[in-house]
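Read through the structure below, which is laid out as structure tokens, and then see the notes.
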Amino acid sequence: MKTIFLGLTLLAAQLMFAQKVTGVKVEKAQKEVPAQLSKEKINLYNDNFLKFVEALKSSDRPAIDALLSEKVKEIVTDDVLKKVKEGFDVNKKLEILKTGYHKLMDGSSLPSINYKYAGESSSKEVIMAVFEEDGKILGVMPAKKDK
């Protein structure tokens, strides 16, 4: 009898202290991104970025706006463009250092290309460009200069 009573007490204690799980949210699974960008995408992104650099060099605001994503057009002012232009030498030729995906704070990944100056033996990054899938430029980040 003591054994049955002990068993029932343990079962009752477990039921008494059991908790309901509330407020659990299921996160959407992120879409799988390929490890590398395709050659066609790299060519598209690179061409758009080089057009952006040429427009930046000549201060052609309509051409710059045509290459920028709709998400950033409102926040890109002339001061921002001036800072980007000062961040690297627009007169030097750029070449692709590496390509891949840039992870954003919301967990999504967007295509990006890192550039360096052509002809330099060091593989030091000069600038990084982040693109939308359709080739529009979402962000341009000059590398920090060592002083």
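Naming works like this for the structure tokens: A, B, ... for the chains as they're shown, residue 1 at the start of each chain, ligands 1 onward in shown order.
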
- Query: DSSP on the backbone: what in segment 23-122 of chain A comes out alpha helix (DSSP H), as an NGL selection string?
  - Reply: :A and (39-57 or 61-67 or 78-87)

Could you give me, as a tab-separated table, a per-residue list for segment 23-95 of chain A showing, wherever an atom lies at most 8 Å from an atom of segment 120-140 of chain A, the closest pair of atoms and their distance in Å to one decimal, using only C-alpha atoms and sorting by chain then residue number from low to high?
```
residue	atom	partner	partner_atom	distance
A:Lys41	CA	A:Gly135	CA	7.8
A:Leu44	CA	A:Gly135	CA	6.3
A:Tyr45	CA	A:Gly135	CA	5.4
A:Asn48	CA	A:Gly135	CA	6.9
A:Phe49	CA	A:Ile137	CA	7.4
A:Leu67	CA	A:Lys136	CA	5.6
A:Leu68	CA	A:Ile137	CA	4.7
A:Ser69	CA	A:Lys136	CA	5.0
A:Lys71	CA	A:Leu138	CA	7.4
A:Val72	CA	A:Leu138	CA	6.5
A:Val84	CA	A:Val140	CA	7.3
A:Phe88	CA	A:Val126	CA	6.7
```
